[in-house]
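Have a look at data.cif below; it lists mmCIF, C-alpha atoms and all ligand atoms.
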```cif
data_upload
loop_
_atom_site.group_PDB
_atom_site.id
_atom_site.type_symbol
_atom_site.label_atom_id
_atom_site.label_comp_id
_atom_site.auth_asym_id
_atom_site.auth_seq_id
_atom_site.Cartn_x
_atom_site.Cartn_y
_atom_site.Cartn_z
ATOM 1 C CA MET O 1 17.508 18.094 -11.395
ATOM 2 C CA LYS O 2 14.264 16.395 -10.607
ATOM 3 C CA LYS O 3 14.203 15.083 -14.176
ATOM 4 C CA ILE O 4 17.704 13.655 -13.865
ATOM 5 C CA LEU O 5 16.845 12.022 -10.567
ATOM 6 C CA ALA O 6 13.698 10.504 -12.033
ATOM 7 C CA LEU O 7 15.699 9.240 -15.011
ATOM 8 C CA THR O 8 18.363 7.750 -12.749
ATOM 9 C CA ILE O 9 15.708 6.069 -10.659
ATOM 10 C CA SER O 10 13.927 4.626 -13.682
ATOM 11 C CA VAL O 11 17.213 3.463 -15.257
ATOM 12 C CA PHE O 12 18.113 1.839 -11.954
ATOM 13 C CA PHE O 13 14.651 0.311 -11.775
ATOM 14 C CA ILE O 14 14.824 -1.044 -15.331
ATOM 15 C CA LEU O 15 18.301 -2.401 -14.671
ATOM 16 C CA SER O 16 17.199 -4.185 -11.495
ATOM 17 C CA ILE O 17 14.155 -5.623 -13.264
ATOM 18 C CA SER O 18 16.268 -6.887 -16.124
ATOM 19 C CA LYS O 19 18.719 -8.299 -13.605
ATOM 20 C CA THR O 20 15.855 -10.187 -11.961
ATOM 21 C CA VAL O 21 14.670 -11.430 -15.350
ATOM 22 C CA ILE O 22 18.147 -12.605 -16.229
ATOM 23 C CA ALA O 23 18.446 -14.356 -12.854
ATOM 24 C CA GLN O 24 15.047 -15.966 -13.381
ATOM 25 C CA GLU O 25 16.025 -17.059 -16.865
ATOM 26 C CA SER O 26 19.255 -18.593 -15.702
ATOM 27 C CA HIS O 27 17.343 -20.321 -12.911
ATOM 28 C CA ASN O 28 14.882 -21.751 -15.470
ATOM 29 C CA GLN O 29 17.780 -22.682 -17.671
ATOM 30 C CA SER O 30 19.406 -24.677 -14.872
ATOM 31 C CA ALA O 31 16.055 -26.376 -14.048
ATOM 32 C CA ASN O 32 15.700 -27.266 -17.733
ATOM 33 C CA ASP O 33 19.262 -28.561 -17.834
ATOM 34 C CA LYS O 34 18.535 -30.647 -14.756
ATOM 35 C CA SER O 35 15.366 -32.194 -16.191
ATOM 36 C CA LEU O 36 17.132 -32.692 -19.521
ATOM 37 C CA ASN O 37 19.960 -34.432 -17.685
ATOM 38 C CA THR O 38 17.463 -36.612 -15.798
ATOM 39 C CA THR O 39 15.693 -37.539 -19.038
ATOM 40 C CA GLN O 40 19.005 -38.294 -20.752
ATOM 41 C CA GLN O 41 20.135 -40.292 -17.758
ATOM 42 C CA GLU O 42 16.893 -42.301 -17.731
ATOM 43 C CA ALA O 43 17.121 -42.911 -21.477
ATOM 44 C CA SER O 44 20.628 -44.290 -21.110
ATOM 45 C CA GLN O 45 19.558 -46.453 -18.143
ATOM 46 C CA ILE O 46 16.713 -47.912 -20.214
ATOM 47 C CA LYS O 47 19.094 -48.512 -23.107
ATOM 48 C CA ASP O 48 21.483 -50.329 -20.802
ATOM 49 C CA PHE O 49 18.608 -52.321 -19.272
ATOM 50 C CA CYS O 50 17.354 -53.368 -22.731
ATOM 51 C CA LYS O 51 20.878 -54.387 -23.757
ATOM 52 C CA ARG O 52 21.259 -56.669 -20.752
ATOM 53 C CA TRP O 53 17.714 -58.038 -20.975
ATOM 54 C CA SER O 54 18.036 -58.905 -24.674
ATOM 55 C CA ARG O 55 21.419 -60.548 -24.076
ATOM 56 C CA LYS O 56 19.954 -62.736 -21.359
ATOM 57 C CA LEU O 57 16.762 -63.959 -23.067
ATOM 58 C CA ARG O 58 16.530 -65.099 -26.661
ATOM 59 C CA THR O 59 12.913 -63.930 -27.093
ATOM 60 C CA VAL O 60 13.654 -60.405 -25.927
ATOM 61 C CA LYS O 61 15.078 -58.151 -28.643
ATOM 62 C CA PHE O 62 16.870 -54.873 -27.962
ATOM 63 C CA LYS O 63 14.718 -52.911 -30.409
ATOM 64 C CA GLY O 64 11.527 -54.518 -29.107
ATOM 65 C CA CYS O 65 12.503 -53.664 -25.537
ATOM 66 C CA MET O 66 13.138 -50.036 -26.558
ATOM 67 C CA ASN O 67 9.698 -50.016 -28.230
ATOM 68 C CA LEU O 68 8.100 -50.867 -24.881
ATOM 69 C CA ASP O 69 8.876 -47.277 -23.878
ATOM 70 C CA LEU O 70 9.498 -48.347 -20.294
ATOM 71 C CA LYS O 71 9.556 -45.851 -17.459
ATOM 72 C CA ILE O 72 11.825 -46.047 -14.426
ATOM 73 C CA SER O 73 10.376 -46.060 -10.928
ATOM 74 C CA ASP O 74 11.896 -44.248 -7.948
ATOM 75 C CA TYR O 75 12.663 -47.609 -6.372
ATOM 76 C CA ARG O 76 15.767 -49.647 -7.189
ATOM 77 C CA SER O 77 16.514 -53.337 -6.781
ATOM 78 C CA VAL O 78 18.940 -54.526 -4.089
ATOM 79 C CA GLU O 79 21.787 -54.298 -6.640
ATOM 80 C CA GLY O 80 20.634 -50.815 -7.658
ATOM 81 C CA ASP O 81 19.073 -51.929 -10.932
ATOM 82 C CA VAL O 82 16.106 -50.082 -12.453
ATOM 83 C CA LEU O 83 12.566 -51.268 -11.707
ATOM 84 C CA THR O 84 10.527 -50.553 -14.811
ATOM 85 C CA TYR O 85 6.873 -50.073 -15.645
ATOM 86 C CA ARG O 86 4.514 -48.877 -18.346
ATOM 87 C CA TYR O 87 0.901 -47.709 -18.176
ATOM 88 C CA LEU O 88 -1.438 -48.352 -21.097
ATOM 89 C CA LEU O 89 -4.668 -46.397 -21.168
ATOM 90 C CA PRO O 90 -7.921 -47.695 -22.642
ATOM 91 C CA ASN O 91 -8.937 -46.412 -26.033
ATOM 92 C CA LYS O 92 -12.260 -44.779 -25.185
ATOM 93 C CA GLN O 93 -13.618 -44.760 -28.730
ATOM 94 C CA GLY O 94 -13.168 -48.474 -28.943
ATOM 95 C CA THR O 95 -14.675 -49.235 -25.531
ATOM 96 C CA LYS O 96 -17.537 -51.673 -25.728
ATOM 97 C CA GLN O 97 -18.793 -51.091 -22.201
ATOM 98 C CA THR O 98 -19.384 -47.360 -22.413
ATOM 99 C CA GLN O 99 -21.379 -47.127 -19.172
ATOM 100 C CA ASN O 100 -18.683 -48.891 -17.154
ATOM 101 C CA ARG O 101 -15.357 -47.519 -16.164
ATOM 102 C CA PRO O 102 -12.406 -49.486 -17.518
ATOM 103 C CA GLY O 103 -10.868 -52.052 -15.198
ATOM 104 C CA ARG O 104 -7.426 -51.422 -13.744
ATOM 105 C CA ILE O 105 -5.258 -54.435 -14.375
ATOM 106 C CA LEU O 106 -1.814 -54.897 -12.897
ATOM 107 C CA PHE O 107 0.269 -57.317 -14.941
ATOM 108 C CA MET O 108 3.597 -58.569 -13.658
ATOM 109 C CA SER O 109 6.173 -61.089 -14.743
ATOM 110 C CA GLY O 110 9.585 -62.128 -13.526
ATOM 111 C CA ILE O 111 9.079 -62.041 -9.768
ATOM 112 C CA HIS O 112 11.091 -65.273 -9.930
ATOM 113 C CA GLY O 113 14.197 -64.475 -11.941
ATOM 114 C CA ASP O 114 14.868 -67.985 -13.262
ATOM 115 C CA GLU O 115 11.457 -68.502 -14.893
ATOM 116 C CA TYR O 116 12.611 -67.481 -18.370
ATOM 117 C CA SER O 117 9.440 -68.420 -20.240
ATOM 118 C CA ALA O 118 7.267 -66.367 -17.869
ATOM 119 C CA ILE O 119 9.443 -63.283 -18.380
ATOM 120 C CA SER O 120 9.635 -63.795 -22.156
ATOM 121 C CA ILE O 121 5.883 -64.203 -22.532
ATOM 122 C CA GLY O 122 5.253 -61.044 -20.496
ATOM 123 C CA TYR O 123 7.523 -59.192 -22.922
ATOM 124 C CA LEU O 124 5.688 -60.583 -25.972
ATOM 125 C CA TRP O 125 2.247 -59.747 -24.589
ATOM 126 C CA MET O 126 3.350 -56.237 -23.738
ATOM 127 C CA LEU O 127 4.678 -55.702 -27.262
ATOM 128 C CA ASN O 128 1.416 -57.033 -28.668
ATOM 129 C CA MET O 129 -0.653 -54.723 -26.452
ATOM 130 C CA ILE O 130 1.363 -51.698 -27.556
ATOM 131 C CA LYS O 131 0.980 -52.684 -31.200
ATOM 132 C CA HIS O 132 -2.798 -52.995 -30.873
ATOM 133 C CA GLN O 133 -3.436 -50.134 -28.494
ATOM 134 C CA GLN O 134 -6.507 -49.067 -30.462
ATOM 135 C CA ASP O 135 -8.293 -52.232 -29.246
ATOM 136 C CA ASN O 136 -7.357 -51.790 -25.608
ATOM 137 C CA GLN O 137 -10.357 -51.780 -23.271
ATOM 138 C CA GLN O 138 -8.615 -51.567 -19.902
ATOM 139 C CA HIS O 139 -6.230 -49.456 -17.924
ATOM 140 C CA TRP O 140 -3.116 -51.598 -17.663
ATOM 141 C CA LEU O 141 -0.024 -51.281 -15.570
ATOM 142 C CA PHE O 142 2.703 -53.561 -16.913
ATOM 143 C CA LEU O 143 5.747 -54.616 -14.888
ATOM 144 C CA PRO O 144 7.786 -56.766 -17.243
ATOM 145 C CA LEU O 145 10.631 -57.692 -14.882
ATOM 146 C CA THR O 146 9.960 -57.390 -11.167
ATOM 147 C CA ASN O 147 13.106 -59.185 -10.006
ATOM 148 C CA PRO O 148 15.873 -57.960 -12.351
ATOM 149 C CA ASP O 149 18.680 -59.013 -9.978
ATOM 150 C CA GLY O 150 17.404 -62.601 -10.059
ATOM 151 C CA LEU O 151 17.348 -62.727 -13.867
ATOM 152 C CA PHE O 152 20.656 -60.943 -14.417
ATOM 153 C CA ARG O 153 22.589 -63.120 -11.980
ATOM 154 C CA SER O 154 24.638 -65.857 -13.512
ATOM 155 C CA PRO O 155 23.062 -68.374 -13.305
ATOM 156 C CA ALA O 156 19.677 -66.681 -12.866
ATOM 157 C CA THR O 157 17.920 -67.273 -9.554
ATOM 158 C CA ARG O 158 14.364 -67.429 -8.263
ATOM 159 C CA ILE O 159 15.345 -65.255 -5.284
ATOM 160 C CA ASN O 160 16.558 -61.632 -5.282
ATOM 161 C CA ALA O 161 20.078 -60.421 -4.477
ATOM 162 C CA ASN O 162 19.393 -60.704 -0.722
ATOM 163 C CA ASN O 163 18.414 -64.356 -1.301
ATOM 164 C CA VAL O 164 14.761 -63.620 -0.538
ATOM 165 C CA ASP O 165 11.832 -65.203 -2.372
ATOM 166 C CA LEU O 166 9.882 -62.014 -3.188
ATOM 167 C CA ASN O 167 6.694 -64.049 -3.507
ATOM 168 C CA ARG O 168 6.933 -64.862 0.216
ATOM 169 C CA ASN O 169 7.870 -61.343 1.294
ATOM 170 C CA PHE O 170 4.493 -59.571 0.865
ATOM 171 C CA PRO O 171 2.993 -58.138 4.068
ATOM 172 C CA SER O 172 0.120 -60.582 4.600
ATOM 173 C CA PRO O 173 -1.237 -60.055 8.141
ATOM 174 C CA ASP O 174 -0.078 -63.538 9.186
ATOM 175 C CA TRP O 175 3.529 -62.948 8.115
ATOM 176 C CA ASP O 176 5.041 -62.285 11.568
ATOM 177 C CA GLU O 177 3.328 -65.279 13.078
ATOM 178 C CA LEU O 178 3.727 -67.835 10.303
ATOM 179 C CA ALA O 179 6.171 -67.029 7.488
ATOM 180 C CA ILE O 180 9.468 -68.076 9.094
ATOM 181 C CA ASP O 181 7.914 -71.034 10.887
ATOM 182 C CA TYR O 182 6.293 -72.238 7.696
ATOM 183 C CA TRP O 183 9.568 -71.921 5.816
ATOM 184 C CA LYS O 184 11.421 -73.915 8.492
ATOM 185 C CA LYS O 185 8.852 -76.682 8.900
ATOM 186 C CA TYR O 186 7.077 -77.000 5.566
ATOM 187 C CA TYR O 187 9.990 -76.097 3.280
ATOM 188 C CA ARG O 188 12.754 -77.322 5.577
ATOM 189 C CA LYS O 189 14.597 -74.053 5.075
ATOM 190 C CA ASN O 190 14.660 -74.442 1.309
ATOM 191 C CA LYS O 191 16.871 -71.526 0.179
ATOM 192 C CA ARG O 192 14.694 -70.861 -2.845
ATOM 193 C CA ARG O 193 11.760 -70.010 -0.624
ATOM 194 C CA TYR O 194 13.268 -67.892 2.138
ATOM 195 C CA PRO O 195 10.619 -65.251 3.040
ATOM 196 C CA GLY O 196 13.143 -62.667 4.292
ATOM 197 C CA PRO O 197 13.971 -61.321 7.751
ATOM 198 C CA ARG O 198 10.594 -59.503 7.941
ATOM 199 C CA SER O 199 7.664 -58.722 5.647
ATOM 200 C CA SER O 200 8.359 -56.129 2.935
ATOM 201 C CA SER O 201 12.033 -56.187 3.838
ATOM 202 C CA GLU O 202 12.996 -56.061 0.138
ATOM 203 C CA PRO O 203 12.956 -52.932 -2.041
ATOM 204 C CA GLU O 204 11.303 -54.888 -4.866
ATOM 205 C CA THR O 205 8.446 -55.921 -2.539
ATOM 206 C CA GLN O 206 8.130 -52.359 -1.201
ATOM 207 C CA TRP O 207 7.821 -51.132 -4.778
ATOM 208 C CA LEU O 208 5.109 -53.681 -5.638
ATOM 209 C CA VAL O 209 3.153 -52.944 -2.464
ATOM 210 C CA SER O 210 3.315 -49.186 -3.134
ATOM 211 C CA LEU O 211 2.049 -49.759 -6.690
ATOM 212 C CA ILE O 212 -0.838 -51.911 -5.456
ATOM 213 C CA GLU O 213 -1.755 -49.205 -2.932
ATOM 214 C CA GLU O 214 -1.553 -46.362 -5.465
ATOM 215 C CA PHE O 215 -2.947 -48.012 -8.594
ATOM 216 C CA LYS O 216 -5.680 -49.927 -6.710
ATOM 217 C CA PRO O 217 -5.970 -52.653 -9.322
ATOM 218 C CA ASP O 218 -9.260 -54.464 -9.952
ATOM 219 C CA ALA O 219 -7.216 -57.521 -10.827
ATOM 220 C CA ILE O 220 -3.627 -58.692 -10.754
ATOM 221 C CA ILE O 221 -2.076 -61.105 -13.239
ATOM 222 C CA SER O 222 1.236 -62.716 -12.387
ATOM 223 C CA VAL O 223 3.124 -65.117 -14.660
ATOM 224 C CA HIS O 224 5.219 -68.026 -13.419
ATOM 225 C CA ALA O 225 6.435 -71.468 -14.506
ATOM 226 C CA PRO O 226 6.516 -74.550 -14.550
ATOM 227 C CA TYR O 227 3.404 -76.071 -12.942
ATOM 228 C CA GLY O 228 1.223 -75.899 -16.067
ATOM 229 C CA LEU O 229 -1.984 -74.508 -14.544
ATOM 230 C CA VAL O 230 -3.979 -71.416 -13.703
ATOM 231 C CA ASP O 231 -4.172 -70.626 -10.029
ATOM 232 C CA TYR O 232 -6.597 -68.096 -8.655
ATOM 233 C CA ASP O 233 -6.972 -66.301 -5.314
ATOM 234 C CA GLY O 234 -9.605 -63.734 -4.460
ATOM 235 C CA PRO O 235 -13.372 -63.221 -4.627
ATOM 236 C CA ASP O 236 -15.323 -66.103 -6.198
ATOM 237 C CA HIS O 237 -16.874 -64.039 -8.996
ATOM 238 C CA ALA O 238 -13.585 -63.784 -10.872
ATOM 239 C CA THR O 239 -12.668 -67.486 -10.751
ATOM 240 C CA PRO O 240 -11.266 -68.252 -14.224
ATOM 241 C CA ASN O 241 -12.208 -71.211 -16.409
ATOM 242 C CA LYS O 242 -9.077 -71.785 -18.431
ATOM 243 C CA ILE O 243 -6.359 -69.685 -19.989
ATOM 244 C CA GLY O 244 -5.259 -71.202 -23.298
ATOM 245 C CA GLN O 245 -4.636 -74.841 -22.497
ATOM 246 C CA LEU O 246 -3.954 -74.136 -18.838
ATOM 247 C CA LYS O 247 -6.741 -75.322 -16.606
ATOM 248 C CA HIS O 248 -7.773 -73.843 -13.313
ATOM 249 C CA ARG O 249 -6.382 -75.679 -10.303
ATOM 250 C CA ALA O 250 -6.012 -74.125 -6.876
ATOM 251 C CA LEU O 251 -2.495 -74.417 -5.469
ATOM 252 C CA GLY O 252 -3.294 -72.597 -2.241
ATOM 253 C CA THR O 253 -1.473 -69.619 -0.834
ATOM 254 C CA PHE O 254 1.456 -69.146 1.544
ATOM 255 C CA PRO O 255 2.288 -66.591 4.231
ATOM 256 C CA GLY O 256 3.749 -63.623 2.366
ATOM 257 C CA SER O 257 2.718 -64.764 -1.121
ATOM 258 C CA LEU O 258 1.008 -62.363 -3.518
ATOM 259 C CA GLY O 259 -2.064 -64.620 -3.524
ATOM 260 C CA ARG O 260 -2.410 -64.468 0.250
ATOM 261 C CA TYR O 261 -1.626 -60.749 0.515
ATOM 262 C CA ALA O 262 -3.552 -59.317 -2.448
ATOM 263 C CA GLY O 263 -6.060 -62.103 -3.173
ATOM 264 C CA GLU O 264 -7.122 -63.228 0.297
ATOM 265 C CA TYR O 265 -6.335 -60.171 2.395
ATOM 266 C CA LEU O 266 -7.032 -57.258 0.009
ATOM 267 C CA LYS O 267 -9.730 -59.210 -1.919
ATOM 268 C CA ILE O 268 -8.241 -58.319 -5.289
ATOM 269 C CA PRO O 269 -8.659 -61.099 -7.882
ATOM 270 C CA VAL O 270 -5.173 -62.544 -8.455
ATOM 271 C CA LEU O 271 -4.689 -64.694 -11.531
ATOM 272 C CA THR O 272 -1.496 -66.719 -11.441
ATOM 273 C CA LEU O 273 -0.420 -68.343 -14.674
ATOM 274 C CA GLU O 274 1.960 -71.235 -14.311
ATOM 275 C CA LEU O 275 3.387 -72.030 -17.749
ATOM 276 C CA ARG O 276 4.333 -75.645 -18.461
ATOM 277 C CA ALA O 277 8.089 -75.152 -18.699
ATOM 278 C CA ALA O 278 10.445 -72.503 -17.364
ATOM 279 C CA GLY O 279 13.063 -72.964 -20.083
ATOM 280 C CA SER O 280 10.979 -73.284 -23.264
ATOM 281 C CA MET O 281 8.158 -71.238 -24.739
ATOM 282 C CA PRO O 282 4.625 -72.355 -25.603
ATOM 283 C CA SER O 283 3.726 -72.344 -29.328
ATOM 284 C CA GLN O 284 2.850 -69.073 -31.067
ATOM 285 C CA LYS O 285 -0.768 -70.164 -31.237
ATOM 286 C CA GLU O 286 -0.899 -70.992 -27.532
ATOM 287 C CA ILE O 287 0.715 -67.652 -26.638
ATOM 288 C CA TYR O 288 -1.998 -65.920 -28.682
ATOM 289 C CA ASN O 289 -4.831 -68.027 -27.221
ATOM 290 C CA MET O 290 -3.687 -67.412 -23.677
ATOM 291 C CA TRP O 291 -3.675 -63.660 -24.198
ATOM 292 C CA ARG O 292 -7.128 -63.775 -25.797
ATOM 293 C CA ASP O 293 -8.432 -65.650 -22.727
ATOM 294 C CA ILE O 294 -6.715 -63.240 -20.336
ATOM 295 C CA GLU O 295 -8.351 -60.281 -22.077
ATOM 296 C CA GLU O 296 -11.698 -62.032 -21.976
ATOM 297 C CA TRP O 297 -11.240 -62.709 -18.256
ATOM 298 C CA THR O 298 -10.539 -59.030 -17.591
ATOM 299 C CA GLU O 299 -13.584 -58.012 -19.634
ATOM 300 C CA THR O 300 -16.102 -60.458 -18.217
ATOM 301 C CA LYS O 301 -15.059 -61.453 -14.708
ATOM 302 C CA ILE O 302 -13.879 -58.308 -13.009
ATOM 303 C CA LYS O 303 -16.718 -56.882 -10.951
ATOM 304 C CA GLY O 304 -14.882 -53.674 -10.182
ATOM 305 C CA MET O 305 -15.578 -52.605 -13.746
ATOM 306 C CA GLU O 306 -19.326 -52.495 -13.308
ATOM 307 C CA GLN O 307 -19.303 -49.489 -11.039
ATOM 308 C CA ASP O 308 -17.013 -47.553 -8.799
ATOM 309 C CA PRO O 309 -17.191 -48.931 -5.284
ATOM 310 C CA VAL O 310 -19.446 -47.056 -2.865
ATOM 311 C CA PRO O 311 -17.240 -45.120 -0.446
ATOM 312 C CA LYS O 312 -16.948 -47.155 2.733
ATOM 313 C CA PHE O 313 -17.782 -44.450 5.233
ATOM 314 C CA SER O 314 -20.586 -42.625 3.438
ATOM 315 C CA LYS O 315 -23.819 -42.329 5.396
ATOM 316 C CA PRO O 316 -26.442 -44.777 4.117
ATOM 317 C CA ALA O 317 -29.010 -42.849 2.046
ATOM 318 C CA LYS O 318 -31.909 -44.674 3.712
ATOM 319 C CA LEU O 319 -31.295 -43.128 7.117
ATOM 320 C CA THR O 320 -31.560 -39.586 5.775
ATOM 321 C CA ASP O 321 -34.571 -40.424 3.612
ATOM 322 C CA THR O 322 -36.680 -41.796 6.447
ATOM 323 C CA LYS O 323 -36.034 -38.795 8.635
ATOM 324 C CA LYS O 324 -39.197 -36.670 8.914
ATOM 325 C CA PRO O 325 -38.904 -32.923 8.432
ATOM 326 C CA GLY O 326 -38.328 -31.138 11.692
ATOM 327 C CA GLU O 327 -37.336 -34.278 13.562
HETATM 328 ZN ZN ZN M 401 7.432 -68.594 -9.840
#
```

Structure encoded using structure tokens:
Amino acid sequence: MKKILALTISVFFILSISKTVIAQESHNQSANDKSLNTTQQEASQIKDFCKRWSRKLRTVKFKGCMNLDLKISDYRSVEGDVLTYRYLLPNKQGTKQTQNRPGRILFMSGIHGDEYSAISIGYLWMLNMIKHQQDNQQHWLFLPLTNPDGLFRSPATRINANNVDLNRNFPSPDWDELAIDYWKKYYRKNKRRYPGPRSSSEPETQWLVSLIEEFKPDAIISVHAPYGLVDYDGPDHATPNKIGQLKHRALGTFPGSLGRYAGEYLKIPVLTLELRAAGSMPSQKEIYNMWRDIEEWTETKIKGMEQDPVPKFSKPAKLTDTKKPGE
């Protein structure tokens, strides 16, 4: 009797264990299905994005866009479009400056949706970087199209779908006091430069600000058109000479602009390239030369690369050193 009871108990036990295992398996299965679905969903969103991007700009090719292997952020544009990014890590074996940590460079294009050349050149440089990854010295974060709604509108617009100039919507500390006033008086309410109802009101700006806070770039490069110059905001040490044929000329910053927010307020070197024309591309040679100069700038001018910054609130070593034992 005892034997039978023991057998019943163990059979019951085995059955309940196997039940648990089955339940666990089916749970894992559903988690796998979910992540598979998410991956499939993201892949089809990227495919759709590349289709629309390549239809809009002659330089951008569907296959090339797919080769960028773009990732989708958790943020969406006002119209619900994907906001895409791609990290590129430095190739350690090829690093020249072995004692220094690689610089973190945030590259963005297309914050103004109607600057076709700026968006196209960002795409070409990204493709080039991916092709020559073995030579990469820095840790890059590429954002090839930061205002998709602006580009995909017909006709394309500088502003986003809420009619906000994203490059006036950054949370510079003077925004509340100056941005609207400046827009009314200096720009006479020019619709192309509306800074928004408040700073960071736009999802695209919120996304960029969150990336700057998380990635903590040592430098930011932003591409625009058509002023034909290199503008620079930030610490003096990273002031550029020239990028390709574009010469350095300071345009100044504006309440809510990236230059004022990241360059002047956060002290991150911000390099702004203003290509000569918004509707036509520079020559192949100039595109190459500009990229060579950008890479050189990131390798020679960014101080953050020399050493990690000393933590702000650490106790100065001197104080402890001068203390006598027993004091
Ligand atoms: Zn612009």

Practice item. Determine, counting all atoms listed in the file, every residue of protein, DNA or RNA that lies within 12 Å of (5.7, -47.9, -13.1) in the file coordinates, then give the result as number ranges by chain. Key: O: 69-76, 82-88, 106-108, 140-146, 207-208, 210-212, 214-215

Practice item. Could you expand the PyMOL selection byres (((chain O and resi 176) around 10) and not hetatm) into the explicit residues it covers here, written as a ChimeraX atom specification? Key: /O:171-175,177-181,197-199,255-256

**Study point:** Nearest residue to ligand ZN 401 (chain M) from the set O:Gln245, O:Gln284, O:Ser117, O:Ser200 (distances using only C-alpha atoms and all ligand atoms)
**Key:** O:Ser117

Cut-off 6 Å: closest chain O/ligand ZN 401 (chain M) atom pairs per residue, using only C-alpha atoms and all ligand atoms, as JSON lines:
```
{"residue": "O:His112", "atom": "CA", "partner": "M:ZN401", "partner_atom": "ZN", "distance": 4.9}
{"residue": "O:His224", "atom": "CA", "partner": "M:ZN401", "partner_atom": "ZN", "distance": 4.2}
{"residue": "O:Ala225", "atom": "CA", "partner": "M:ZN401", "partner_atom": "ZN", "distance": 5.6}
```

Review point. Which value, in Å to one decimal, gives the distance between CA of Glu213 (chain O) and CA of Leu266 (chain O)?
Key: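 If I compute the distance from CA of Glu213 (chain O) to CA of Leu266 (chain O), I get 10.1 Å.
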
**Study point:** Residue nearest Phe49 (chain O) - candidates O:Ala161, O:Cys65, O:Val270, O:Leu36, atoms counted: all atoms listed in the file
**Key:**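 That would be O:Cys65, the residue with the smallest distance to Phe49 (chain O).
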
Exercise for review: Record the distance separating CA of Ile302 (chain O) and CA of Asp218 (chain O), expressed in Å with one decimal.
Suggested key: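 Distance between the two atoms: 6.7 Å.
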
Exercise for review: For the structure provided, state which residues fall under the PyMOL selection byres (((chain O and resi 202) around 9) and not hetatm), and present them as a list of chain:residue names.
Suggested key: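 The output of the PyMOL selection byres (((chain O and resi 202) around 9) and not hetatm) on this file is O:Ser77, O:Val78, O:Asn160, O:Asn162, O:Val164, O:Leu166, O:Asn169, O:Gly196, O:Arg198, O:Ser199, O:Ser200, O:Ser201, O:Pro203, O:Glu204, O:Thr205, O:Gln206, O:Trp207.
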
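Between CA of Glu42 (chain O) and CA of Arg153 (chain O) the separation is 22.3 Å.
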
**Study point:** Surrounding residues of Lys247 (chain O) excluding itself and chain neighbours under 2 positions, 6 Å, all atoms listed in the file, as a ChimeraX atom specification
**Key:** /O:229-230,242

Practice item. Kindly indicate which residue among O:Pro226, O:Gly259, O:Gly80, O:Gly244 lies nearest to Met290 (chain O), using all atoms listed in the file for the distances. Key: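 Of O:Pro226, O:Gly259, O:Gly80, O:Gly244, the one nearest Met290 (chain O) is O:Gly244, counting all atoms listed in the file.
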
Practice item. Can you give me, as a PyMOL selection string, the residues this file yields under the PyMOL selection byres (((chain O and resi 286) around 12) and not hetatm)? Key: chain O and resi 121+243-246+275-276+281-285+287-293

Check your understanding: Which of these, O:Gly110, O:Asp149, O:Asp165, O:Leu68, has the shortest distance to Leu127 (chain O) once you count all atoms listed in the file?
Key -> O:Leu68

Review point. Given the choices O:Lys184, O:Arg193, O:Arg249, O:Lys301, which gets closest to Gly103 (chain O) if the distance is worked out from all atoms listed in the file?
Key: O:Lys301

Practice item. Pick out the closest residue to Tyr116 (chain O) from this set: O:Trp297, O:Trp53, O:Trp183, O:Phe254. Count only C-alpha atoms. Key: O:Trp53

Please fill the gaps in region 224-234 of chain O so it has N, CA and C atoms, and write that as a PDB file, in the frame of the given file.
```pdb
ATOM      1  N   HIS O 224       4.178 -67.152 -13.968  1.00  0.00           N
ATOM      2  CA  HIS O 224       5.219 -68.026 -13.419  1.00  0.00           C
ATOM      3  C   HIS O 224       5.387 -69.253 -14.314  1.00  0.00           C
ATOM      4  N   ALA O 225       6.272 -70.152 -13.888  1.00  0.00           N
ATOM      5  CA  ALA O 225       6.435 -71.468 -14.506  1.00  0.00           C
ATOM      6  C   ALA O 225       7.026 -72.366 -13.414  1.00  0.00           C
ATOM      7  N   PRO O 226       6.923 -73.668 -13.450  1.00  0.00           N
ATOM      8  CA  PRO O 226       6.516 -74.550 -14.550  1.00  0.00           C
ATOM      9  C   PRO O 226       5.346 -75.491 -14.195  1.00  0.00           C
ATOM     10  N   TYR O 227       4.403 -75.096 -13.393  1.00  0.00           N
ATOM     11  CA  TYR O 227       3.404 -76.071 -12.942  1.00  0.00           C
ATOM     12  C   TYR O 227       2.288 -76.362 -13.940  1.00  0.00           C
ATOM     13  N   GLY O 228       2.202 -75.604 -15.019  1.00  0.00           N
ATOM     14  CA  GLY O 228       1.223 -75.899 -16.067  1.00  0.00           C
ATOM     15  C   GLY O 228      -0.222 -75.788 -15.620  1.00  0.00           C
ATOM     16  N   LEU O 229      -0.597 -74.680 -14.994  1.00  0.00           N
ATOM     17  CA  LEU O 229      -1.984 -74.508 -14.544  1.00  0.00           C
ATOM     18  C   LEU O 229      -2.294 -73.025 -14.344  1.00  0.00           C
ATOM     19  N   VAL O 230      -3.567 -72.768 -14.084  1.00  0.00           N
ATOM     20  CA  VAL O 230      -3.979 -71.416 -13.703  1.00  0.00           C
ATOM     21  C   VAL O 230      -4.409 -71.485 -12.256  1.00  0.00           C
ATOM     22  N   ASP O 231      -3.783 -70.690 -11.432  1.00  0.00           N
ATOM     23  CA  ASP O 231      -4.172 -70.626 -10.029  1.00  0.00           C
ATOM     24  C   ASP O 231      -4.947 -69.318  -9.851  1.00  0.00           C
ATOM     25  N   TYR O 232      -5.815 -69.308  -8.870  1.00  0.00           N
ATOM     26  CA  TYR O 232      -6.597 -68.096  -8.655  1.00  0.00           C
ATOM     27  C   TYR O 232      -6.838 -67.884  -7.167  1.00  0.00           C
ATOM     28  N   ASP O 233      -6.654 -66.659  -6.705  1.00  0.00           N
ATOM     29  CA  ASP O 233      -6.972 -66.301  -5.314  1.00  0.00           C
ATOM     30  C   ASP O 233      -7.763 -65.003  -5.337  1.00  0.00           C
ATOM     31  N   GLY O 234      -8.801 -64.954  -4.520  1.00  0.00           N
ATOM     32  CA  GLY O 234      -9.605 -63.734  -4.460  1.00  0.00           C
ATOM     33  C   GLY O 234     -11.085 -64.054  -4.459  1.00  0.00           C
TER      34      GLY O 234
END
```
